[in-house]
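S.K.: Have a look at the structure that comes next, please.
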Amino acid sequence: MRNLFLFLSLPFLLVSCNSEPALSDIDKLNGYWEISHVKGDKGKEKEFSFNENVDYFYLENQEGFRQKMQPQFDGGYKTNGAKENVSVKKENDSIFIYYETLQDEWKEHLVRLTEEELVVKNEDGITYTYKKFKGYITDGEK
């Protein structure tokens, strides 16, 4: 009986270990994100304990923009006004974020997306891990 339980539980365990996001998760991308660490293609890592800039994503129907923002201690934000057009597309079994400016185009593989964590990997093999930005005040108030 125990072996039967293990055998039946294995497919559920394997499915739950897959953290690959789905297109239905894309709304979680909306909001403010700050980089927590970066990992290079050769394994070297850099931690970020404080960020002067955060990324603001706005998407509707898998299209929108990303904008660099400077959080203020009063809860407001400043920006230089530059925006990158963003679209999200599924290719094979993976989701990619496409960015476009007047000068360049690139894409990142969306590795993980939850309410609190965003992980993307660029075409150079560099992995960026973000955490949801909740303001400079530690209680999460903006």
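Naming scheme: A, B, ... for chains in displayed order of the structure tokens; residues 1 onward per chain; ligands 1 onward as shown.
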Each residue of region 63-110 of chain A with at least one atom at most 10 Å from region 26-29 of chain A should appear once, together with its nearest atom pair and the corresponding distance in Å (one decimal); atoms considered: only C-alpha atoms; ordering: chain, then increasing residue number; output as CSV.

M.R.:
```
residue,atom,partner,partner_atom,distance
A:Val88,CA,A:Ile26,CA,8.0
A:Ile95,CA,A:Ile26,CA,9.6
A:Leu110,CA,A:Ile26,CA,9.9
```

S.K.: Please save all heavy atoms of the selected residues as an mmCIF file, in the first residue's frame.

M.R.:
```cif
data_model
loop_
_atom_site.group_PDB
_atom_site.id
_atom_site.type_symbol
_atom_site.label_atom_id
_atom_site.label_comp_id
_atom_site.auth_asym_id
_atom_site.auth_seq_id
_atom_site.Cartn_x
_atom_site.Cartn_y
_atom_site.Cartn_z
ATOM 1 N N VAL A 88 5.216 39.983 -23.835
ATOM 2 C CA VAL A 88 5.490 38.664 -23.284
ATOM 3 C C VAL A 88 4.932 37.631 -24.256
ATOM 4 O O VAL A 88 3.781 37.739 -24.685
ATOM 5 C CB VAL A 88 4.851 38.499 -21.890
ATOM 6 C CG1 VAL A 88 5.093 37.108 -21.347
ATOM 7 C CG2 VAL A 88 5.389 39.552 -20.933
ATOM 8 N N ILE A 95 8.552 31.021 -21.503
ATOM 9 C CA ILE A 95 8.013 32.368 -21.666
ATOM 10 C C ILE A 95 9.181 33.347 -21.734
ATOM 11 O O ILE A 95 10.139 33.254 -20.957
ATOM 12 C CB ILE A 95 7.065 32.724 -20.513
ATOM 13 C CG1 ILE A 95 5.864 31.777 -20.559
ATOM 14 C CG2 ILE A 95 6.620 34.175 -20.598
ATOM 15 C CD1 ILE A 95 4.889 31.962 -19.447
ATOM 16 N N LEU A 110 11.914 34.168 -18.966
ATOM 17 C CA LEU A 110 11.258 34.288 -17.665
ATOM 18 C C LEU A 110 11.377 32.945 -16.953
ATOM 19 O O LEU A 110 10.705 31.984 -17.303
ATOM 20 C CB LEU A 110 9.790 34.684 -17.843
ATOM 21 C CG LEU A 110 8.977 34.915 -16.588
ATOM 22 C CD1 LEU A 110 9.590 36.007 -15.716
ATOM 23 C CD2 LEU A 110 7.546 35.272 -16.954
#
```

S.K.: Would you compute the distance between CA of Ile35 (chain A) and CA of Gln67 (chain A)? Give it in Å to one decimal.

M.R.: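 Between CA of Ile35 (chain A) and CA of Gln67 (chain A) the gap is 13.9 Å.
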
S.K.: Considering only C-alpha atoms, can you say which of A:Thr127, A:Ser36, A:Asn51, A:Gln62 comes closest to Lys89 (chain A)?

M.R.: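 Nearest candidate to Lys89 (chain A) out of A:Thr127, A:Ser36, A:Asn51, A:Gln62: A:Gln62.
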
S.K.: Give me the residues within 12 Å of Pro71 (chain A) as a list in words, counting only C-alpha atoms and dropping any in the same chain fewer than 3 places off.

M.R.: Tyr32, Trp33, Glu34, Phe50, Asn51, Glu52, Asn53, Val54, Asp55, Tyr56, Lys68, Asp74, Gly75, Gly76, Tyr77, Lys78, Thr79, Phe133, Lys134, Gly135, Tyr136, Ile137 and Lys142 of chain A

S.K.: When you look at Lys39 (chain A) with a cut-off of 6 Å (counting only C-alpha atoms), what residues show up, excluding the ones that are within fewer than 4 positions of it in the same chain? I need them as a ChimeraX atom specification.

M.R.: /A:43-45,126-127

S.K.: Neighbouring residues of Ser94 (chain A) were defined as those with any atom within 9 Å, considering only C-alpha atoms; residues of the same chain fewer than 4 positions away were excluded. Please report them as a ChimeraX atom specification.

M.R.: /A:20-22,89-90,109-111

S.K.: How about saving the chosen residues, N, CA, C and O atoms kept, as an mmCIF file, in the first residue's frame?

M.R.:
```cif
data_model
loop_
_atom_site.group_PDB
_atom_site.id
_atom_site.type_symbol
_atom_site.label_atom_id
_atom_site.label_comp_id
_atom_site.auth_asym_id
_atom_site.auth_seq_id
_atom_site.Cartn_x
_atom_site.Cartn_y
_atom_site.Cartn_z
ATOM 1 N N GLU A 20 8.450 26.818 -13.631
ATOM 2 C CA GLU A 20 8.325 27.562 -14.881
ATOM 3 C C GLU A 20 6.991 28.303 -14.869
ATOM 4 O O GLU A 20 5.934 27.707 -14.686
ATOM 5 N N PRO A 21 7.016 29.639 -15.043
ATOM 6 C CA PRO A 21 5.771 30.398 -14.994
ATOM 7 C C PRO A 21 4.884 30.118 -16.215
ATOM 8 O O PRO A 21 5.347 29.660 -17.250
ATOM 9 N N ALA A 22 3.621 30.437 -16.079
ATOM 10 C CA ALA A 22 2.654 30.314 -17.162
ATOM 11 C C ALA A 22 2.206 31.710 -17.593
ATOM 12 O O ALA A 22 2.362 32.676 -16.849
ATOM 13 N N LYS A 89 5.777 36.648 -24.591
ATOM 14 C CA LYS A 89 5.369 35.629 -25.553
ATOM 15 C C LYS A 89 5.829 34.261 -25.087
ATOM 16 O O LYS A 89 6.896 34.125 -24.489
ATOM 17 N N LYS A 90 5.029 33.273 -25.425
ATOM 18 C CA LYS A 90 5.392 31.890 -25.141
ATOM 19 C C LYS A 90 6.033 31.303 -26.387
ATOM 20 O O LYS A 90 5.496 31.419 -27.485
ATOM 21 N N HIS A 109 14.580 35.263 -20.854
ATOM 22 C CA HIS A 109 13.784 34.086 -20.505
ATOM 23 C C HIS A 109 13.208 34.303 -19.113
ATOM 24 O O HIS A 109 13.944 34.606 -18.168
ATOM 25 N N LEU A 110 11.914 34.168 -18.966
ATOM 26 C CA LEU A 110 11.258 34.288 -17.665
ATOM 27 C C LEU A 110 11.377 32.945 -16.953
ATOM 28 O O LEU A 110 10.705 31.984 -17.303
ATOM 29 N N VAL A 111 12.283 32.895 -15.992
ATOM 30 C CA VAL A 111 12.596 31.648 -15.295
ATOM 31 C C VAL A 111 11.614 31.379 -14.168
ATOM 32 O O VAL A 111 11.147 30.260 -13.975
#
```

S.K.: Just the number, please: distance in Å from CA of Val119 (chain A) to CA of Ile97 (chain A), one decimal.

M.R.: 11.3 Å
